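Trainee: Below are the structure tokens for one structure; questions will follow.
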Amino acid sequence: MSALLAHEKREIARRMVRDREERRAKGLGRVNGAAMPDGEYEDLPQSHYDFDHHPNAIALWLRSNGAEHAYFRVHDGIAADTTVIGGHAYLNFTNYNYLGLSGHPVVAAAVADAVARYGTSVSASRLVGGERPLHRELEHSLAEILDVEDCLGFVSGYSTNTFTLSYLFGPKDLILYDALIHNSVMVGAAQSGARRIAFRHNDWQAVDDLLARHRREYERVVIVVEGLYSMDGDFPDLPKFVAVRNRHKVFLMVDEAHSMGVMGARGYGVREHFGLAGGDVDIWMGTLSKSFASCGGYVAGRRSLILSLRYGAPGFVFSAGLTPGNTAAALAAIGVMKAEPERVKRLQDRGRFFLSRAKARGLSVGNATGFALVPVMTGTTEKSLAMTQALFQRGINVQPIIYPAVEEKGGRLRFFVSSEHSEAQIDQAVQIVADEWRRLNAS
Ligand SMILES: Cc1ncc(COP(=O)(O)O)c(C=O)c1O
């Protein structure tokens, strides 16, 4: 659970005092709601053995108050440029279906074939239970896109980061990550036991300076950046980070969750955007859940890295392999992306169009670059939630990003654009957002 807000802390303390008094008055302890006789543990705070009193649960109850309407919305069909929720049609901006490939008939047919042939699960770790040809086909395809020797697929993008970092780095090492890095990198870094330092967003110079002074204090050092930042829609000057990596003999890891399929002329990611070689980065990490219409993650790089993960990374070795369906979906999605490069171009055009319309209507879009995701800054949690609700009533489905995902005053609506959005849909949506924003601020 992220840091608690002051009123949450006060509420938790108040409840703890009240519980203690109640228990004293009754002469009882309670375990998960059931009475238990007075005994050895009577003095234990209830939050130590009862989830109803767990600080995380209390904070979430308080936080979700008024926000339920924005989350866990149930879609009745394929969520693409439009969606249907509760029987009503909406313009949809909440999914990472960047290339419109989730729901694409070729991808759906590949999944059906894979399930018919290999079943719904590989039913074991690939190491012991064996692979399916699809696994290596997908990995070779990704390695080729990234211009590297090999690749390994994992069952979740999130855990690809956590167990790659925690497996490769340890207490004598240093992990340097961008201040806006995804939570999965921070958690993986914490699990590794390495020293961790967050550097100012996109500030390669700060990293260079820090390494000039401290490189020799550590064994391995890894710098972790994203190809495209998921909260702000901007990207690092990757060639500068590569130069820092080369200068100080450190590793460079790039999380391409949002840049793969999105940046570069063919959608080959931030590497293609900058014209870098695959070997300029040590750990290319990405997810299958966004452009590639599936679920899972991958790491690509040198054969030695992949070998080490294949035989050693606990999250791979002791976990069931990617399902045939998910593997086939990603492989087929890559096939469609390669066969129809116009999808990538359309995605890039539509992203830029969204950005230019939003700016023209006076909306604040932070540092967005127009690649696939554009934040519209709304400030406080209250305003972000009010905007989400007002837009929903006007037929637009968009998610608020609020504290603790961003700073309390850094609330925003995050618009995910896809190759399937038309200019007319984007124009209409931006106009409604601008209207509602004006109305909210006038009231
Ligand atoms: C930058 C980044 N890395 C990793 C992940 C985790 O990927 P997945 O959702 O596929 O598990 C996400 C998820 O949104 C992400 O934005």
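In the structure tokens, chains take the letters A, B, ... in the order shown, each chain's residues start at 1, and ligands count up from 1 in the order shown.
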As a VMD selection string, please: the residues near His54 (chain A) (cut-off 12 Å, only C-alpha atoms, same-chain neighbours under 5 positions excluded).
Mentor: chain A and resid 1 9 11 to 13 15 to 16 32 45 to 49 59 to 61
Trainee: Quick one: residues within 10 Å of Ala320 (chain A), only C-alpha atoms, excluding same-chain residues fewer than 3 positions away - as a PyMOL selection string?
Mentor: chain A and resi 121-129+154-155+315-317+323
Trainee: Could those residues be written to a file, using all heavy atoms, as an mmCIF file, in the first residue's frame?
Mentor:
```
data_model
loop_
_atom_site.group_PDB
_atom_site.id
_atom_site.type_symbol
_atom_site.label_atom_id
_atom_site.label_comp_id
_atom_site.auth_asym_id
_atom_site.auth_seq_id
_atom_site.Cartn_x
_atom_site.Cartn_y
_atom_site.Cartn_z
ATOM 1 N N SER A 121 -3.882 -24.618 -21.454
ATOM 2 C CA SER A 121 -2.770 -24.361 -20.531
ATOM 3 C C SER A 121 -1.590 -25.255 -20.907
ATOM 4 O O SER A 121 -1.795 -26.329 -21.483
ATOM 5 C CB SER A 121 -3.206 -24.677 -19.095
ATOM 6 O OG SER A 121 -2.104 -24.633 -18.218
ATOM 7 N N VAL A 122 -0.379 -24.813 -20.586
ATOM 8 C CA VAL A 122 0.748 -25.737 -20.753
ATOM 9 C C VAL A 122 0.936 -26.562 -19.473
ATOM 10 O O VAL A 122 1.785 -27.437 -19.402
ATOM 11 C CB VAL A 122 2.059 -25.026 -21.172
ATOM 12 C CG1 VAL A 122 1.884 -24.386 -22.524
ATOM 13 C CG2 VAL A 122 2.500 -24.000 -20.150
ATOM 14 N N SER A 123 0.157 -26.232 -18.470
ATOM 15 C CA SER A 123 -0.027 -27.074 -17.276
ATOM 16 C C SER A 123 1.222 -27.335 -16.458
ATOM 17 O O SER A 123 1.228 -28.238 -15.619
ATOM 18 C CB SER A 123 -0.667 -28.420 -17.660
ATOM 19 O OG SER A 123 -1.789 -28.219 -18.476
ATOM 20 N N ALA A 124 2.292 -26.607 -16.722
ATOM 21 C CA ALA A 124 3.520 -26.769 -15.930
ATOM 22 C C ALA A 124 4.520 -25.701 -16.348
ATOM 23 O O ALA A 124 4.307 -24.995 -17.335
ATOM 24 C CB ALA A 124 4.136 -28.140 -16.156
ATOM 25 N N SER A 125 5.604 -25.638 -15.610
ATOM 26 C CA SER A 125 6.719 -24.783 -16.021
ATOM 27 C C SER A 125 7.262 -25.331 -17.338
ATOM 28 O O SER A 125 7.304 -26.552 -17.545
ATOM 29 C CB SER A 125 7.793 -24.840 -14.937
ATOM 30 O OG SER A 125 9.041 -24.491 -15.472
ATOM 31 N N ARG A 126 7.700 -24.452 -18.216
ATOM 32 C CA ARG A 126 8.244 -24.919 -19.501
ATOM 33 C C ARG A 126 9.486 -25.774 -19.296
ATOM 34 O O ARG A 126 9.769 -26.671 -20.082
ATOM 35 C CB ARG A 126 8.559 -23.714 -20.393
ATOM 36 C CG ARG A 126 7.325 -23.107 -21.002
ATOM 37 C CD ARG A 126 7.590 -21.740 -21.598
ATOM 38 N NE ARG A 126 8.595 -21.741 -22.633
ATOM 39 C CZ ARG A 126 9.058 -20.633 -23.219
ATOM 40 N NH1 ARG A 126 8.576 -19.458 -22.865
ATOM 41 N NH2 ARG A 126 9.966 -20.697 -24.154
ATOM 42 N N LEU A 127 10.219 -25.488 -18.232
ATOM 43 C CA LEU A 127 11.463 -26.210 -17.975
ATOM 44 C C LEU A 127 11.194 -27.705 -17.785
ATOM 45 O O LEU A 127 11.894 -28.545 -18.324
ATOM 46 C CB LEU A 127 12.136 -25.630 -16.720
ATOM 47 C CG LEU A 127 13.504 -26.159 -16.376
ATOM 48 C CD1 LEU A 127 14.556 -25.530 -17.273
ATOM 49 C CD2 LEU A 127 13.843 -25.845 -14.917
ATOM 50 N N VAL A 128 10.144 -27.998 -17.019
ATOM 51 C CA VAL A 128 9.887 -29.412 -16.738
ATOM 52 C C VAL A 128 8.757 -29.973 -17.602
ATOM 53 O O VAL A 128 8.823 -31.110 -18.058
ATOM 54 C CB VAL A 128 9.558 -29.646 -15.242
ATOM 55 C CG1 VAL A 128 10.772 -29.403 -14.396
ATOM 56 C CG2 VAL A 128 8.391 -28.794 -14.790
ATOM 57 N N GLY A 129 7.744 -29.173 -17.846
ATOM 58 C CA GLY A 129 6.570 -29.673 -18.577
ATOM 59 C C GLY A 129 6.743 -29.604 -20.078
ATOM 60 O O GLY A 129 5.936 -30.138 -20.834
ATOM 61 N N PHE A 154 7.284 -14.480 -20.552
ATOM 62 C CA PHE A 154 6.820 -14.735 -19.186
ATOM 63 C C PHE A 154 5.297 -14.534 -19.126
ATOM 64 O O PHE A 154 4.729 -13.893 -20.005
ATOM 65 C CB PHE A 154 7.477 -13.751 -18.204
ATOM 66 C CG PHE A 154 8.978 -13.814 -18.192
ATOM 67 C CD1 PHE A 154 9.724 -13.057 -19.074
ATOM 68 C CD2 PHE A 154 9.641 -14.636 -17.297
ATOM 69 C CE1 PHE A 154 11.108 -13.094 -19.070
ATOM 70 C CE2 PHE A 154 11.038 -14.694 -17.282
ATOM 71 C CZ PHE A 154 11.773 -13.931 -18.166
ATOM 72 N N VAL A 155 4.693 -15.009 -18.042
ATOM 73 C CA VAL A 155 3.224 -14.977 -18.004
ATOM 74 C C VAL A 155 2.620 -13.629 -17.651
ATOM 75 O O VAL A 155 1.421 -13.425 -17.800
ATOM 76 C CB VAL A 155 2.653 -16.036 -17.028
ATOM 77 C CG1 VAL A 155 2.874 -17.427 -17.575
ATOM 78 C CG2 VAL A 155 3.246 -15.886 -15.650
ATOM 79 N N GLY A 315 10.912 -16.904 -11.081
ATOM 80 C CA GLY A 315 9.581 -16.591 -11.611
ATOM 81 C C GLY A 315 9.303 -17.248 -12.957
ATOM 82 O O GLY A 315 8.167 -17.293 -13.407
ATOM 83 N N PHE A 316 10.332 -17.732 -13.612
ATOM 84 C CA PHE A 316 10.144 -18.487 -14.852
ATOM 85 C C PHE A 316 10.210 -19.984 -14.575
ATOM 86 O O PHE A 316 9.333 -20.750 -14.951
ATOM 87 C CB PHE A 316 11.216 -18.104 -15.886
ATOM 88 C CG PHE A 316 11.077 -18.851 -17.178
ATOM 89 C CD1 PHE A 316 10.157 -18.470 -18.132
ATOM 90 C CD2 PHE A 316 11.866 -19.973 -17.428
ATOM 91 C CE1 PHE A 316 10.003 -19.183 -19.324
ATOM 92 C CE2 PHE A 316 11.725 -20.691 -18.610
ATOM 93 C CZ PHE A 316 10.794 -20.288 -19.562
ATOM 94 N N VAL A 317 11.239 -20.362 -13.842
ATOM 95 C CA VAL A 317 11.494 -21.786 -13.604
ATOM 96 C C VAL A 317 10.366 -22.429 -12.787
ATOM 97 O O VAL A 317 9.947 -23.550 -13.057
ATOM 98 C CB VAL A 317 12.850 -21.953 -12.876
ATOM 99 C CG1 VAL A 317 13.062 -23.380 -12.399
ATOM 100 C CG2 VAL A 317 13.981 -21.517 -13.792
ATOM 101 N N THR A 323 0.379 -19.426 -21.747
ATOM 102 C CA THR A 323 -0.625 -20.344 -22.306
ATOM 103 C C THR A 323 -0.518 -20.371 -23.830
ATOM 104 O O THR A 323 -0.080 -19.381 -24.448
ATOM 105 C CB THR A 323 -2.053 -19.904 -21.945
ATOM 106 O OG1 THR A 323 -2.328 -18.675 -22.627
ATOM 107 C CG2 THR A 323 -2.249 -19.723 -20.449
#
```
Trainee: Using only C-alpha atoms, pick whichever of A:Ser291, A:Ser384, A:Gln428, A:Gln393 has the shortest atom-to-atom distance to Leu101 (chain A).
Mentor: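 For Leu101 (chain A), the nearest of the candidates is A:Ser291.
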Trainee: Would you work out the distance separating CA of Cys295 (chain A) from CA of Ser159 (chain A), expressed in Å to one decimal?
Mentor: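 That distance, rounded to one decimal, is 11.6 Å.
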Trainee: Neighbours of ligand 1 within 8 Å, counting only C-alpha atoms and all ligand atoms, as a PyMOL selection string?
Mentor: chain A and resi 156-161+181-185+226+228-230+255-258+286-290+295-297
Trainee: Write a file of the selected residues as a CSV table (one decimal), in the first residue's frame, keeping N, CA, C and O atoms.
Mentor:
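Contents of the output file out-v7.csv:
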```csv
chain,number,residue,atom,x,y,z
A,156,SER,N,3.4,-12.7,-17.2
A,156,SER,CA,2.9,-11.4,-16.9
A,156,SER,C,3.9,-10.3,-17.1
A,156,SER,O,5.1,-10.6,-16.8
A,157,GLY,N,3.5,-9.2,-17.6
A,157,GLY,CA,4.5,-8.1,-17.9
A,157,GLY,C,5.0,-7.6,-16.5
A,157,GLY,O,6.2,-7.3,-16.4
A,158,TYR,N,4.1,-7.5,-15.6
A,158,TYR,CA,4.5,-6.9,-14.3
A,158,TYR,C,5.6,-7.8,-13.6
A,158,TYR,O,6.6,-7.3,-13.2
A,159,SER,N,5.3,-9.1,-13.6
A,159,SER,CA,6.3,-10.0,-12.9
A,159,SER,C,7.5,-10.1,-13.8
A,159,SER,O,8.6,-10.5,-13.2
A,160,THR,N,7.5,-9.9,-15.0
A,160,THR,CA,8.7,-9.9,-15.8
A,160,THR,C,9.7,-8.9,-15.2
A,160,THR,O,10.9,-9.2,-15.0
A,161,ASN,N,9.2,-7.8,-14.9
A,161,ASN,CA,10.1,-6.8,-14.2
A,161,ASN,C,10.6,-7.2,-12.9
A,161,ASN,O,11.7,-7.1,-12.5
A,181,ILE,N,9.3,5.8,-13.2
A,181,ILE,CA,9.3,4.4,-13.6
A,181,ILE,C,8.1,3.7,-13.1
A,181,ILE,O,7.5,4.0,-12.0
A,182,HIS,N,7.7,2.6,-13.8
A,182,HIS,CA,6.5,1.8,-13.4
A,182,HIS,C,6.7,1.1,-12.1
A,182,HIS,O,7.9,0.7,-11.8
A,183,ASN,N,5.7,0.9,-11.4
A,183,ASN,CA,5.7,0.3,-10.0
A,183,ASN,C,6.4,-1.1,-10.1
A,183,ASN,O,7.1,-1.5,-9.1
A,184,SER,N,6.3,-1.8,-11.1
A,184,SER,CA,6.9,-3.2,-11.2
A,184,SER,C,8.4,-3.1,-11.1
A,184,SER,O,9.0,-4.0,-10.6
A,185,VAL,N,9.0,-2.1,-11.7
A,185,VAL,CA,10.4,-1.9,-11.6
A,185,VAL,C,10.8,-1.6,-10.2
A,185,VAL,O,11.8,-2.1,-9.6
A,226,GLU,N,11.9,3.8,-19.3
A,226,GLU,CA,10.8,3.3,-20.1
A,226,GLU,C,11.0,3.8,-21.5
A,226,GLU,O,11.5,4.9,-21.7
A,228,LEU,N,8.4,4.6,-23.4
A,228,LEU,CA,7.4,5.7,-23.5
A,228,LEU,C,6.7,5.7,-22.1
A,228,LEU,O,6.2,4.6,-21.7
A,229,TYR,N,6.7,6.8,-21.5
A,229,TYR,CA,6.2,6.8,-20.1
A,229,TYR,C,4.7,6.8,-20.0
A,229,TYR,O,4.0,7.6,-20.7
A,230,SER,N,4.2,5.9,-19.2
A,230,SER,CA,2.8,5.6,-19.3
A,230,SER,C,1.9,6.6,-18.6
A,230,SER,O,0.7,6.6,-18.8
A,255,ASP,N,12.1,-0.6,-20.5
A,255,ASP,CA,10.7,-1.2,-20.4
A,255,ASP,C,9.9,-0.6,-21.6
A,255,ASP,O,9.6,0.5,-21.6
A,256,GLU,N,9.6,-1.5,-22.5
A,256,GLU,CA,8.9,-1.1,-23.7
A,256,GLU,C,7.4,-1.4,-23.7
A,256,GLU,O,6.8,-1.5,-24.8
A,257,ALA,N,6.8,-1.4,-22.5
A,257,ALA,CA,5.4,-1.7,-22.4
A,257,ALA,C,4.6,-0.9,-23.3
A,257,ALA,O,3.7,-1.3,-24.0
A,258,HIS,N,4.9,0.4,-23.4
A,258,HIS,CA,4.1,1.4,-24.2
A,258,HIS,C,4.7,1.8,-25.4
A,258,HIS,O,4.1,2.5,-26.2
A,286,GLY,N,9.4,-6.0,-22.3
A,286,GLY,CA,8.2,-5.5,-22.9
A,286,GLY,C,7.0,-6.3,-22.4
A,286,GLY,O,7.2,-7.4,-21.7
A,287,THR,N,5.8,-5.9,-22.7
A,287,THR,CA,4.6,-6.7,-22.3
A,287,THR,C,3.9,-7.1,-23.6
A,287,THR,O,4.1,-6.5,-24.6
A,288,LEU,N,3.1,-8.2,-23.4
A,288,LEU,CA,2.3,-8.7,-24.5
A,288,LEU,C,0.9,-8.1,-24.5
A,288,LEU,O,0.1,-8.4,-25.3
A,289,SER,N,0.6,-7.4,-23.4
A,289,SER,CA,-0.8,-7.0,-23.1
A,289,SER,C,-1.3,-5.7,-23.8
A,289,SER,O,-2.4,-5.4,-23.7
A,290,LYS,N,-0.4,-5.1,-24.5
A,290,LYS,CA,-0.7,-3.8,-25.0
A,290,LYS,C,-0.9,-3.9,-26.5
A,290,LYS,O,-1.9,-4.4,-27.0
A,295,CYS,N,-1.5,-11.3,-23.2
A,295,CYS,CA,-1.2,-11.1,-21.8
A,295,CYS,C,0.2,-11.8,-21.5
A,295,CYS,O,0.4,-13.0,-21.9
A,296,GLY,N,1.1,-11.1,-20.9
A,296,GLY,CA,2.4,-11.7,-20.6
A,296,GLY,C,3.5,-10.7,-20.8
A,296,GLY,O,3.2,-9.5,-21.1
A,297,GLY,N,4.7,-11.1,-20.7
A,297,GLY,CA,5.9,-10.2,-20.8
A,297,GLY,C,7.0,-10.9,-21.5
A,297,GLY,O,7.0,-12.1,-21.7
```
Trainee: Between A:Val222, A:Ala70, A:Met337, A:Leu176, which residue has the minimum interatomic distance to Asn202 (chain A), considering only C-alpha atoms?
Mentor: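 Closest residue, counting only C-alpha atoms: A:Leu176.
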Trainee: Using only C-alpha atoms, which of A:Leu331, A:Ile175, A:Ile401, A:Leu238 sits nearest Asp203 (chain A)?
Mentor: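 Ranked by minimum distance to Asp203 (chain A), first place goes to A:Leu238.
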Trainee: Residues near Met260 (chain A), anyone? I mean within 8 Å using only C-alpha atoms, not counting same-chain ones fewer than 5 positions away, as a list of chain:residue names.
Mentor: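 That gives A:Gly227, A:Gly267, A:Tyr268, A:Gly269, A:Val270, A:Gly286, A:Ser291.
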Trainee: Just C-alpha atoms for this one: save the residues we selected as a PDB file, in the first residue's frame.
Mentor:
```pdb
ATOM      1  CA  GLY A 227      10.508   3.510 -23.870  1.00  0.00           C
ATOM      2  CA  GLY A 267       6.200  -0.218 -34.683  1.00  0.00           C
ATOM      3  CA  TYR A 268       9.453  -1.868 -33.627  1.00  0.00           C
ATOM      4  CA  GLY A 269       9.673   0.443 -30.644  1.00  0.00           C
ATOM      5  CA  VAL A 270      11.938   3.096 -29.220  1.00  0.00           C
ATOM      6  CA  GLY A 286       8.172  -5.490 -22.869  1.00  0.00           C
ATOM      7  CA  SER A 291      -0.015  -3.559 -28.769  1.00  0.00           C
TER       8      SER A 291
END
```
Trainee: Using Å and a single decimal, report how far CA of Met377 (chain A) sits from CA of Ile402 (chain A).
Mentor: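 Pair CA of Ile402 (chain A) / CA of Met377 (chain A) returns 10.5 Å.
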Trainee: One decimal, Å: what's the distance from CA of Leu373 (chain A) over to CA of Phe353 (chain A), could you say?
Mentor: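 Pair CA of Leu373 (chain A) / CA of Phe353 (chain A) returns 11.5 Å.
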Trainee: Any chance you could list, as a PyMOL selection string, the residues in region 51-246 of chain A that come up alpha helix (DSSP H) when DSSP is run on the backbone?
Mentor: chain A and resi 55-64+105-118+126-129+133-146+157-168+183-192+204-214+238-246
Trainee: Would you mind listing what lies within 8 Å of region 73-75 of chain A as a list in words, with only C-alpha atoms counted and same-chain residues fewer than 4 positions away left out?
Mentor: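 Within the cut-off, the hits are His69, Ala79, Thr83, Val84, Ile85 and Gly86 of chain A.
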Trainee: If you run DSSP on the backbone here, which positions in region 303-407 of chain A get strand (DSSP E or B)? Please write them as a PyMOL selection string.
Mentor: chain A and resi 373-379+396-397+399-401
Trainee: For Glu139 (chain A), which residue out of A:Gly395, A:Gly410, A:Gly301, A:Gly193 is the nearest one, using only C-alpha atoms?
Mentor: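 Result for the nearest residue to Glu139 (chain A): A:Gly301.
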